[in-house]
file target10.cif (mmCIF, C-alpha atoms)
data_data
#
loop_
_atom_site.label_atom_id
_atom_site.label_comp_id
_atom_site.auth_asym_id
_atom_site.auth_seq_id
_atom_site.Cartn_x
_atom_site.Cartn_y
_atom_site.Cartn_z
CA MET Z 13 23.22 -25.78 6.61
CA GLY Z 14 20.97 -27.58 4.14
CA VAL Z 15 21.61 -28.03 0.45
CA PRO Z 16 19.57 -25.60 -1.70
CA ARG Z 17 16.79 -27.46 -3.52
CA GLN Z 18 16.54 -27.01 -7.27
CA THR Z 19 13.29 -25.52 -8.57
CA PRO Z 20 11.59 -26.58 -11.85
CA ASP Z 21 13.17 -23.67 -13.75
CA GLY Z 22 16.70 -24.68 -12.75
CA SER Z 23 17.21 -22.00 -10.07
CA HIS Z 24 17.72 -22.88 -6.40
CA GLU Z 25 15.68 -22.21 -3.33
CA PRO Z 26 17.41 -20.51 -0.38
CA ASP Z 27 18.95 -22.81 2.19
CA HIS Z 28 17.32 -20.94 5.10
CA ALA Z 29 13.81 -21.64 6.32
CA PRO Z 30 11.15 -20.32 3.96
CA GLY Z 31 9.54 -17.02 4.81
CA PRO Z 32 5.88 -16.02 4.63
CA TYR Z 33 4.15 -17.13 1.44
CA ARG Z 34 3.97 -14.46 -1.21
CA PRO Z 35 2.14 -15.15 -4.50
CA GLY Z 36 4.23 -15.06 -7.65
CA TYR Z 37 2.11 -12.39 -9.30
CA GLU Z 38 2.87 -9.99 -6.42
CA ARG Z 39 6.60 -10.44 -6.90
CA VAL Z 40 6.26 -9.99 -10.65
CA ALA Z 41 4.16 -6.85 -10.09
CA GLU Z 42 7.01 -5.46 -8.00
CA LEU Z 43 9.52 -6.27 -10.77
CA LEU Z 44 7.26 -4.62 -13.32
CA LEU Z 45 7.04 -1.40 -11.29
CA ASN Z 46 10.82 -1.43 -11.00
CA HIS Z 47 11.06 -1.84 -14.79
CA ILE Z 48 8.76 1.15 -15.36
CA ALA Z 49 10.87 3.30 -13.02
CA GLU Z 50 14.18 2.18 -14.51
CA GLN Z 51 12.95 2.90 -18.04
CA ARG Z 52 11.56 6.25 -16.82
CA LEU Z 53 8.23 5.55 -18.50
CA ARG Z 54 5.60 8.28 -18.27
CA PRO Z 55 1.78 8.21 -18.04
CA GLY Z 56 0.36 6.98 -21.32
CA ASP Z 57 3.56 5.20 -22.40
CA ARG Z 58 2.97 1.78 -23.86
CA LEU Z 59 4.56 -1.31 -22.34
CA PRO Z 60 5.73 -4.39 -24.25
CA THR Z 61 3.27 -7.18 -24.93
CA GLU Z 62 2.32 -9.57 -22.16
CA GLN Z 63 4.53 -12.27 -23.69
CA ARG Z 64 7.49 -9.92 -23.96
CA LEU Z 65 7.00 -8.72 -20.36
CA ALA Z 66 7.02 -12.34 -19.20
CA GLU Z 67 10.35 -12.84 -20.97
CA LEU Z 68 11.83 -9.62 -19.55
CA LEU Z 69 10.74 -10.45 -16.00
CA GLY Z 70 11.60 -14.15 -16.12
CA ALA Z 71 8.08 -15.29 -15.31
CA SER Z 72 5.38 -17.38 -16.93
CA ARG Z 73 2.78 -15.65 -19.05
CA ASN Z 74 -0.03 -16.60 -16.64
CA VAL Z 75 1.76 -15.08 -13.63
CA THR Z 76 2.60 -11.98 -15.68
CA ARG Z 77 -1.06 -11.63 -16.67
CA GLU Z 78 -2.12 -11.73 -13.00
CA ALA Z 79 0.56 -9.15 -12.13
CA VAL Z 80 -0.75 -6.81 -14.83
CA LYS Z 81 -4.32 -7.28 -13.53
CA THR Z 82 -3.16 -6.47 -9.99
CA LEU Z 83 -1.37 -3.29 -11.07
CA ALA Z 84 -4.36 -2.23 -13.15
CA GLY Z 85 -6.56 -2.80 -10.11
CA ILE Z 86 -4.51 -0.42 -7.95
CA GLY Z 87 -4.34 2.22 -10.69
CA ARG Z 88 -0.76 1.82 -11.90
CA LEU Z 89 -1.48 0.31 -15.32
CA SER Z 90 -4.20 0.72 -17.92
CA VAL Z 91 -5.11 -2.24 -20.10
CA ARG Z 92 -6.94 -1.32 -23.30
CA ARG Z 93 -8.47 -4.17 -25.23
CA GLY Z 94 -6.93 -4.35 -28.67
CA ALA Z 95 -4.45 -1.56 -27.92
CA GLY Z 96 -2.11 -2.92 -25.24
CA ILE Z 97 -0.79 -2.22 -21.76
CA PHE Z 98 -0.03 1.37 -20.76
CA VAL Z 99 1.30 3.26 -17.74
CA ALA Z 100 -1.73 4.74 -16.00
CA GLU Z 101 -2.33 8.46 -16.04
CA SER Z 102 -1.55 8.95 -12.33
CA ALA Z 103 0.20 7.00 -9.60
CA GLY Z 104 -2.25 8.26 -7.01
CA GLY Z 105 -3.21 11.86 -7.57
CA LEU Z 106 -0.02 13.56 -6.38
CA VAL Z 107 2.02 15.86 -8.59
CA ASP Z 108 3.47 13.66 -11.30
CA ASP Z 109 7.18 14.44 -11.04
CA ASP Z 110 9.70 11.64 -11.60
CA GLN Z 111 9.67 10.62 -7.94
CA THR Z 112 5.96 10.41 -7.14
CA LEU Z 113 5.15 9.11 -10.61
CA HIS Z 114 7.38 6.12 -9.96
CA PHE Z 115 6.31 5.48 -6.37
CA ARG Z 116 7.39 1.96 -5.45
CA PRO Z 117 4.98 0.50 -2.89
CA THR Z 118 7.41 -2.28 -1.92
CA SER Z 119 10.39 0.03 -1.36
CA MET Z 120 11.27 0.71 2.29
CA ASP Z 121 12.52 4.21 1.39
CA HIS Z 122 9.40 5.15 -0.58
CA VAL Z 123 6.96 3.80 2.02
CA LEU Z 124 8.73 5.63 4.85
CA MET Z 125 8.80 8.88 2.87
CA LEU Z 126 5.06 8.48 2.30
CA LEU Z 127 4.55 8.00 6.04
CA ASP Z 128 6.65 11.12 6.74
CA TYR Z 129 4.40 13.07 4.37
CA ARG Z 130 1.35 11.58 6.05
CA THR Z 131 2.64 12.75 9.44
CA VAL Z 132 3.02 16.32 8.20
CA ILE Z 133 -0.42 16.41 6.57
CA GLU Z 134 -2.52 14.51 9.11
CA THR Z 135 -1.14 16.04 12.30
CA GLU Z 136 -2.03 19.49 11.00
CA THR Z 137 -5.39 18.17 9.82
CA ALA Z 138 -6.17 16.79 13.30
CA ARG Z 139 -5.08 20.07 14.91
CA ARG Z 140 -7.43 22.07 12.69
CA ALA Z 141 -10.26 19.58 13.10
CA ALA Z 142 -10.13 20.04 16.88
CA SER Z 143 -10.46 23.80 16.42
CA LEU Z 144 -13.00 23.90 13.57
CA ALA Z 145 -15.18 20.79 13.68
CA THR Z 146 -18.94 21.32 13.83
CA PRO Z 147 -21.08 19.15 16.14
CA LEU Z 148 -22.16 17.04 13.14
CA GLU Z 149 -18.54 16.54 12.08
CA VAL Z 150 -17.55 15.56 15.62
CA ARG Z 151 -20.33 12.97 15.59
CA GLU Z 152 -19.07 11.53 12.29
CA ILE Z 153 -15.53 11.28 13.68
CA ARG Z 154 -16.76 9.58 16.86
CA ASN Z 155 -19.06 7.19 15.01
CA SER Z 156 -16.35 6.05 12.61
CA ALA Z 157 -13.87 5.61 15.49
CA THR Z 158 -16.44 3.54 17.41
CA THR Z 159 -17.11 1.41 14.33
CA SER Z 160 -13.39 0.83 13.89
CA ALA Z 161 -13.23 -0.42 17.49
CA SER Z 162 -16.14 -2.85 17.08
CA THR Z 163 -14.83 -4.25 13.80
CA ALA Z 164 -11.33 -4.57 15.27
CA LYS Z 165 -12.69 -6.54 18.23
CA ALA Z 166 -14.51 -8.83 15.80
CA ALA Z 167 -11.32 -9.22 13.70
CA ASP Z 168 -13.32 -7.96 10.71
CA HIS Z 169 -10.51 -6.70 8.48
CA TYR Z 170 -12.74 -5.44 5.68
CA GLY Z 171 -15.12 -3.73 8.07
CA PHE Z 172 -12.19 -2.13 9.87
CA ALA Z 173 -10.69 -0.91 6.58
CA GLU Z 174 -13.97 0.86 5.74
CA ALA Z 175 -14.24 2.39 9.21
CA ASP Z 176 -10.57 3.43 9.14
CA ALA Z 177 -11.05 5.20 5.81
CA ALA Z 178 -14.22 6.87 7.09
CA PHE Z 179 -12.44 8.06 10.24
CA HIS Z 180 -9.53 9.70 8.44
CA HIS Z 181 -11.87 11.19 5.84
CA ALA Z 182 -14.07 12.61 8.62
CA VAL Z 183 -11.06 14.22 10.34
CA GLY Z 184 -9.98 15.65 6.98
CA THR Z 185 -13.43 17.05 6.34
CA ALA Z 186 -13.52 18.68 9.79
CA ALA Z 187 -10.29 20.58 9.01
CA HIS Z 188 -12.30 22.64 6.50
CA ASN Z 189 -9.50 22.67 3.92
CA LEU Z 190 -10.19 20.87 0.66
CA PHE Z 191 -6.46 20.52 -0.14
CA LEU Z 192 -5.72 18.80 3.17
CA ARG Z 193 -8.69 16.49 2.67
CA SER Z 194 -7.60 15.72 -0.89
CA SER Z 195 -4.04 15.01 0.25
CA ILE Z 196 -5.29 12.47 2.78
CA GLY Z 197 -7.20 10.67 0.04
CA ASN Z 198 -4.14 10.61 -2.21
CA ILE Z 199 -1.94 9.28 0.58
CA ARG Z 200 -4.39 6.48 1.30
CA ARG Z 201 -4.55 5.48 -2.36
CA LEU Z 202 -0.78 5.14 -2.48
CA ALA Z 203 -0.65 3.32 0.86
CA SER Z 204 -3.25 0.83 -0.37
CA GLN Z 205 -0.79 -0.21 -3.08
CA SER Z 206 1.64 -1.32 -0.36
CA ASP Z 207 -1.18 -3.20 1.38
CA VAL Z 208 -1.78 -5.25 -1.77
CA LEU Z 209 1.80 -5.85 -2.87
CA LEU Z 210 3.46 -6.26 0.53
CA PHE Z 211 0.75 -7.62 2.81
CA HIS Z 212 -1.53 -9.47 0.39
CA GLY Z 213 -4.40 -7.24 1.45
CA ASP Z 214 -3.91 -7.90 5.17
CA ALA Z 215 -3.56 -5.12 7.75
CA PRO Z 216 0.10 -4.46 8.61
CA GLY Z 217 -0.49 -4.34 12.36
CA SER Z 218 -2.92 -4.60 15.28
CA LEU Z 219 -6.45 -3.46 14.46
CA GLU Z 220 -7.32 -3.02 18.13
CA VAL Z 221 -4.36 -0.73 18.81
CA ALA Z 222 -5.27 1.42 15.80
CA ALA Z 223 -8.92 1.55 16.92
CA GLU Z 224 -7.95 2.66 20.44
CA GLN Z 225 -5.90 5.45 18.88
CA HIS Z 226 -8.88 6.47 16.72
CA LEU Z 227 -11.05 6.75 19.83
CA ALA Z 228 -8.47 8.88 21.64
CA ILE Z 229 -8.11 11.23 18.66
CA ALA Z 230 -11.89 11.50 18.37
CA GLU Z 231 -12.20 12.52 22.02
CA ALA Z 232 -9.43 15.13 21.67
CA VAL Z 233 -11.19 16.62 18.64
CA ALA Z 234 -14.54 16.59 20.47
CA ALA Z 235 -12.95 18.41 23.45
CA GLY Z 236 -11.37 21.01 21.19
CA GLU Z 237 -7.86 20.02 22.34
CA ALA Z 238 -5.97 20.94 19.18
CA GLU Z 239 -2.41 20.17 20.29
CA ARG Z 240 -3.43 16.92 21.94
CA ALA Z 241 -5.25 15.84 18.78
CA ALA Z 242 -2.12 16.58 16.73
CA VAL Z 243 0.14 14.65 19.11
CA LEU Z 244 -2.21 11.66 19.19
CA MET Z 245 -2.40 11.62 15.38
CA ALA Z 246 1.41 11.74 15.17
CA ASP Z 247 1.59 8.79 17.58
CA HIS Z 248 -0.98 6.92 15.52
CA ILE Z 249 1.07 7.32 12.34
CA ALA Z 250 4.30 6.47 14.19
CA THR Z 251 2.70 3.18 15.26
CA THR Z 252 1.79 2.47 11.65
CA ARG Z 253 5.35 3.29 10.63
CA ARG Z 254 6.82 0.79 13.09
CA GLN Z 255 4.41 -1.86 11.85
CA PHE Z 256 5.33 -1.22 8.22
CA GLU Z 257 9.06 -1.27 9.00
CA ARG Z 258 8.72 -4.61 10.76
CA LYS Z 259 6.67 -6.14 7.96
CA ILE Z 260 8.90 -4.81 5.18
CA ARG Z 261 12.07 -6.01 6.91
CA ASP Z 262 10.45 -9.42 7.32
CA ARG Z 263 9.73 -9.49 3.59
CA LEU Z 264 13.24 -8.37 2.68
CA PHE Z 265 14.82 -10.91 5.00
CA HIS Z 266 13.06 -13.79 3.30
CA MET Z 267 13.42 -12.58 -0.28
CA ASP Z 268 15.84 -14.53 -2.50
CA GLU Z 269 16.56 -12.75 -5.75
CA ARG Z 270 18.05 -15.91 -7.19
CA THR Z 271 14.69 -17.61 -7.20
CA ARG Z 272 12.52 -16.69 -10.17
CA PRO Z 273 8.77 -16.27 -9.51
CA GLN Z 274 6.93 -19.56 -9.95
CA GLU Z 275 3.30 -20.17 -10.65
CA THR Z 276 1.35 -22.41 -8.30
CA PRO Z 277 -2.25 -23.63 -8.60
CA ALA Z 278 -3.30 -21.09 -5.97
CA GLN Z 279 -2.10 -18.30 -8.24
CA GLN Z 280 -4.68 -19.17 -10.90
CA ALA Z 281 -7.28 -17.35 -8.77
CA ASP Z 282 -7.84 -13.66 -9.17
CA PRO Z 283 -5.64 -11.46 -6.94
CA PRO Z 284 -7.23 -9.87 -3.86
CA ALA Z 285 -8.84 -6.46 -3.95
CA ALA Z 286 -6.83 -3.59 -2.53
CA SER Z 287 -7.22 -3.02 1.19
CA ALA Z 288 -8.49 0.37 2.33
CA SER Z 289 -6.32 0.39 5.45
#

call {"tool": "encode", "arguments": {"input": "target10.cif", "output": "structure tokens"}}
result
Amino acid sequence: MGVPRQTPDGSHEPDHAPGPYRPGYERVAELLLNHIAEQRLRPGDRLPTEQRLAELLGASRNVTREAVKTLAGIGRLSVRRGAGIFVAESAGGLVDDDQTLHFRPTSMDHVLMLLDYRTVIETETARRAASLATPLEVREIRNSATTSASTAKAADHYGFAEADAAFHHAVGTAAHNLFLRSSIGNIRRLASQSDVLLFHGDAPGSLEVAAEQHLAIAEAVAAGEAERAAVLMADHIATTRRQFERKIRDRLFHMDERTRPQETPAQQADPPAASAS
């Protein structure tokens, strides 16, 4: 076993092999969300100054600034020039009780509960879409599924994210229930927060597998096979769940809470935009 190497701030690196690189501002963003939940802050509540947050979170001011920008970008914080940093009005459009308001996109429990909710909503949506879709809506579902397949084959992550969003939106539209469609949008907004903070904007699993599942769902909807469409959608979400579990466990395995977030030259760049996957 190697001797832990001391970092510039006096803490020590873990003595196991380093895990996947994770920018400091992402780790600080996670700590900041935990702080908001622990303090039970509500929408509109004001946070301490940037300097004070840096002190509370044990990070540099520059890394803290990037973390705040990241959380503002995914809709969790609101930064008002001259006024300060505030908790955003909504965590993603769901009912703002204490649990959904403080959704933690890096928490295994929260992400899996979100996927459970997604299973309930989207399997029923697919079932109804297969029964109610118009020819035009079927075409939209097929086209978006086909686009997801072509972008997956080309390893075009951004193109796939757009096609993936279009596919699930098209299935939601074909269910002819505005509340189901709205719920799908809210779920995707919350899931995108995990994409940014856990996966650095990357897809959590195989694009080609997801695209093949899109195509199968599209054909079931087109054939009017309601139960088959529901089962295929449930399988699709179960695949996503397994991918998330694997990625989250990998993150947790390599995390070392003793090591304070450090700024590197690469972290001076703006954080990535949220993925739509």

call {"tool": "closest_residue", "arguments": {"input": "target10.cif", "among": "Z:Leu124, Z:Ala232, Z:Arg139, Z:Ser162", "to": "Z:Gln255", "atoms": "all atoms listed in the file"}}
result
Z:Leu124

call {"tool": "atom_distance", "arguments": {"input": "target10.cif", "atom1": "atom CA of Z:Glu149", "atom2": "atom CA of Z:Met245"}}
result
17.2 Å

call {"tool": "residues_near_point", "arguments": {"input": "target10.cif", "point": "(-15.2, 15.4, 23.5)", "cutoff": "12 Å", "atoms": "all atoms listed in the file", "output": "mmCIF file with C-alpha atoms, keeping the file's coordinate frame"}}
result
data_model
loop_
_atom_site.group_PDB
_atom_site.id
_atom_site.type_symbol
_atom_site.label_atom_id
_atom_site.label_comp_id
_atom_site.auth_asym_id
_atom_site.auth_seq_id
_atom_site.Cartn_x
_atom_site.Cartn_y
_atom_site.Cartn_z
ATOM 1 C CA ALA Z 142 -10.130 20.040 16.880
ATOM 2 C CA SER Z 143 -10.460 23.800 16.420
ATOM 3 C CA ALA Z 145 -15.180 20.790 13.680
ATOM 4 C CA THR Z 146 -18.940 21.320 13.830
ATOM 5 C CA PRO Z 147 -21.080 19.150 16.140
ATOM 6 C CA GLU Z 149 -18.540 16.540 12.080
ATOM 7 C CA VAL Z 150 -17.550 15.560 15.620
ATOM 8 C CA ARG Z 151 -20.330 12.970 15.590
ATOM 9 C CA ILE Z 153 -15.530 11.280 13.680
ATOM 10 C CA ARG Z 154 -16.760 9.580 16.860
ATOM 11 C CA LEU Z 227 -11.050 6.750 19.830
ATOM 12 C CA ALA Z 228 -8.470 8.880 21.640
ATOM 13 C CA ILE Z 229 -8.110 11.230 18.660
ATOM 14 C CA ALA Z 230 -11.890 11.500 18.370
ATOM 15 C CA GLU Z 231 -12.200 12.520 22.020
ATOM 16 C CA ALA Z 232 -9.430 15.130 21.670
ATOM 17 C CA VAL Z 233 -11.190 16.620 18.640
ATOM 18 C CA ALA Z 234 -14.540 16.590 20.470
ATOM 19 C CA ALA Z 235 -12.950 18.410 23.450
ATOM 20 C CA GLY Z 236 -11.370 21.010 21.190
ATOM 21 C CA GLU Z 237 -7.860 20.020 22.340
ATOM 22 C CA ALA Z 238 -5.970 20.940 19.180
ATOM 23 C CA ARG Z 240 -3.430 16.920 21.940
ATOM 24 C CA ALA Z 241 -5.250 15.840 18.780
#

call {"tool": "closest_residue", "arguments": {"input": "target10.cif", "among": "Z:Gln225, Z:Thr163, Z:Thr112, Z:Gln63", "to": "Z:Val80", "atoms": "only C-alpha atoms"}}
result
Z:Gln63

call {"tool": "residues_around", "arguments": {"input": "target10.cif", "residues": "Z:Met125", "least_positions_apart": "2", "cutoff": "12 Å", "atoms": "only C-alpha atoms", "output": "list in words"}}
result
Gln111, Thr112, Phe115, Arg116, Pro117, Ser119, Met120, Asp121, His122, Val123, Leu127, Asp128, Tyr129, Arg130, Thr131, Val132, Ile199, Leu202, Ala203, Arg253, Phe256 and Glu257 of chain Z

call {"tool": "closest_residue", "arguments": {"input": "target10.cif", "among": "Z:Gly197, Z:Gly96, Z:Gly85, Z:Pro35", "to": "Z:Leu59", "atoms": "only C-alpha atoms"}}
result
Z:Gly96

call {"tool": "closest_residue", "arguments": {"input": "target10.cif", "among": "Z:Ser72, Z:Thr118, Z:Ser156, Z:Gln51", "to": "Z:Val99", "atoms": "only C-alpha atoms"}}
result
Z:Gln51

call {"tool": "atom_distance", "arguments": {"input": "target10.cif", "atom1": "atom CA of Z:Phe98", "atom2": "atom CA of Z:Pro55"}}
result
7.6 Å

call {"tool": "closest_residue", "arguments": {"input": "target10.cif", "among": "Z:Ala71, Z:Ala66, Z:Ala175, Z:Leu53", "to": "Z:Ala222", "atoms": "only C-alpha atoms"}}
result
Z:Ala175

call {"tool": "resolve_selection", "arguments": {"input": "target10.cif", "expression": "the PyMOL selection byres ((chain Z and resi 82) around 8)", "output": "count of residues only"}}
result
12

call {"tool": "atom_distance", "arguments": {"input": "target10.cif", "atom1": "atom CA of Z:Arg52", "atom2": "atom CA of Z:Arg261"}}
result
26.7 Å

call {"tool": "residues_near_point", "arguments": {"input": "target10.cif", "point": "(-2.7, 15.9, 4.8)", "cutoff": "10 Å", "atoms": "all atoms listed in the file", "output": "list in words"}}
result
Tyr129, Arg130, Thr131, Val132, Ile133, Glu134, Thr135, Glu136, Thr137, Ala138, His180, Gly184, Ala187, Asn189, Leu190, Phe191, Leu192, Arg193, Ser194, Ser195, Ile196, Gly197, Asn198 and Ile199 of chain Z

call {"tool": "build_atoms", "arguments": {"input": "target10.cif", "residues": "stretch 231-254 of chain Z", "atoms": "N, CA and C atoms", "output": "short mmCIF file (atom, residue, chain, number, x, y, z; two decimals), in the frame of the given file"}}
result
data_model
loop_
_atom_site.label_atom_id
_atom_site.label_comp_id
_atom_site.auth_asym_id
_atom_site.auth_seq_id
_atom_site.Cartn_x
_atom_site.Cartn_y
_atom_site.Cartn_z
N GLU Z 231 -11.87 11.82 20.78
CA GLU Z 231 -12.20 12.52 22.02
C GLU Z 231 -11.44 13.85 22.12
N ALA Z 232 -10.20 13.87 21.65
CA ALA Z 232 -9.43 15.13 21.67
C ALA Z 232 -10.07 16.16 20.74
N VAL Z 233 -10.52 15.72 19.58
CA VAL Z 233 -11.19 16.62 18.64
C VAL Z 233 -12.49 17.13 19.25
N ALA Z 234 -13.26 16.21 19.85
CA ALA Z 234 -14.54 16.59 20.47
C ALA Z 234 -14.34 17.61 21.60
N ALA Z 235 -13.23 17.50 22.33
CA ALA Z 235 -12.95 18.41 23.45
C ALA Z 235 -12.30 19.70 22.99
N GLY Z 236 -12.00 19.80 21.70
CA GLY Z 236 -11.37 21.01 21.19
C GLY Z 236 -9.91 21.14 21.58
N GLU Z 237 -9.26 20.02 21.91
CA GLU Z 237 -7.86 20.02 22.34
C GLU Z 237 -6.96 19.85 21.11
N ALA Z 238 -6.65 20.97 20.47
CA ALA Z 238 -5.97 20.94 19.18
C ALA Z 238 -4.58 20.30 19.25
N GLU Z 239 -3.78 20.72 20.22
CA GLU Z 239 -2.41 20.17 20.29
C GLU Z 239 -2.42 18.70 20.66
N ARG Z 240 -3.33 18.33 21.56
CA ARG Z 240 -3.43 16.92 21.94
C ARG Z 240 -3.86 16.08 20.74
N ALA Z 241 -4.79 16.58 19.97
CA ALA Z 241 -5.25 15.84 18.78
C ALA Z 241 -4.08 15.64 17.81
N ALA Z 242 -3.27 16.67 17.64
CA ALA Z 242 -2.12 16.58 16.73
C ALA Z 242 -1.11 15.56 17.23
N VAL Z 243 -0.82 15.59 18.54
CA VAL Z 243 0.14 14.65 19.11
C VAL Z 243 -0.36 13.21 18.99
N LEU Z 244 -1.65 13.00 19.27
CA LEU Z 244 -2.21 11.66 19.19
C LEU Z 244 -2.20 11.14 17.74
N MET Z 245 -2.45 12.03 16.79
CA MET Z 245 -2.40 11.62 15.38
C MET Z 245 -0.97 11.26 14.99
N ALA Z 246 0.00 12.05 15.46
CA ALA Z 246 1.41 11.74 15.17
C ALA Z 246 1.79 10.38 15.75
N ASP Z 247 1.32 10.09 16.97
CA ASP Z 247 1.59 8.79 17.58
C ASP Z 247 0.95 7.65 16.79
N HIS Z 248 -0.25 7.90 16.31
CA HIS Z 248 -0.98 6.92 15.52
C HIS Z 248 -0.19 6.56 14.25
N ILE Z 249 0.31 7.56 13.57
CA ILE Z 249 1.07 7.32 12.34
C ILE Z 249 2.42 6.69 12.66
N ALA Z 250 3.03 7.07 13.78
CA ALA Z 250 4.30 6.47 14.19
C ALA Z 250 4.13 4.97 14.46
N THR Z 251 2.99 4.60 15.04
CA THR Z 251 2.70 3.18 15.26
C THR Z 251 2.61 2.46 13.93
N THR Z 252 1.91 3.05 12.98
CA THR Z 252 1.79 2.47 11.65
C THR Z 252 3.16 2.32 11.01
N ARG Z 253 4.01 3.34 11.19
CA ARG Z 253 5.35 3.29 10.63
C ARG Z 253 6.14 2.11 11.18
N ARG Z 254 6.09 1.92 12.49
CA ARG Z 254 6.82 0.79 13.09
C ARG Z 254 6.30 -0.54 12.56
#
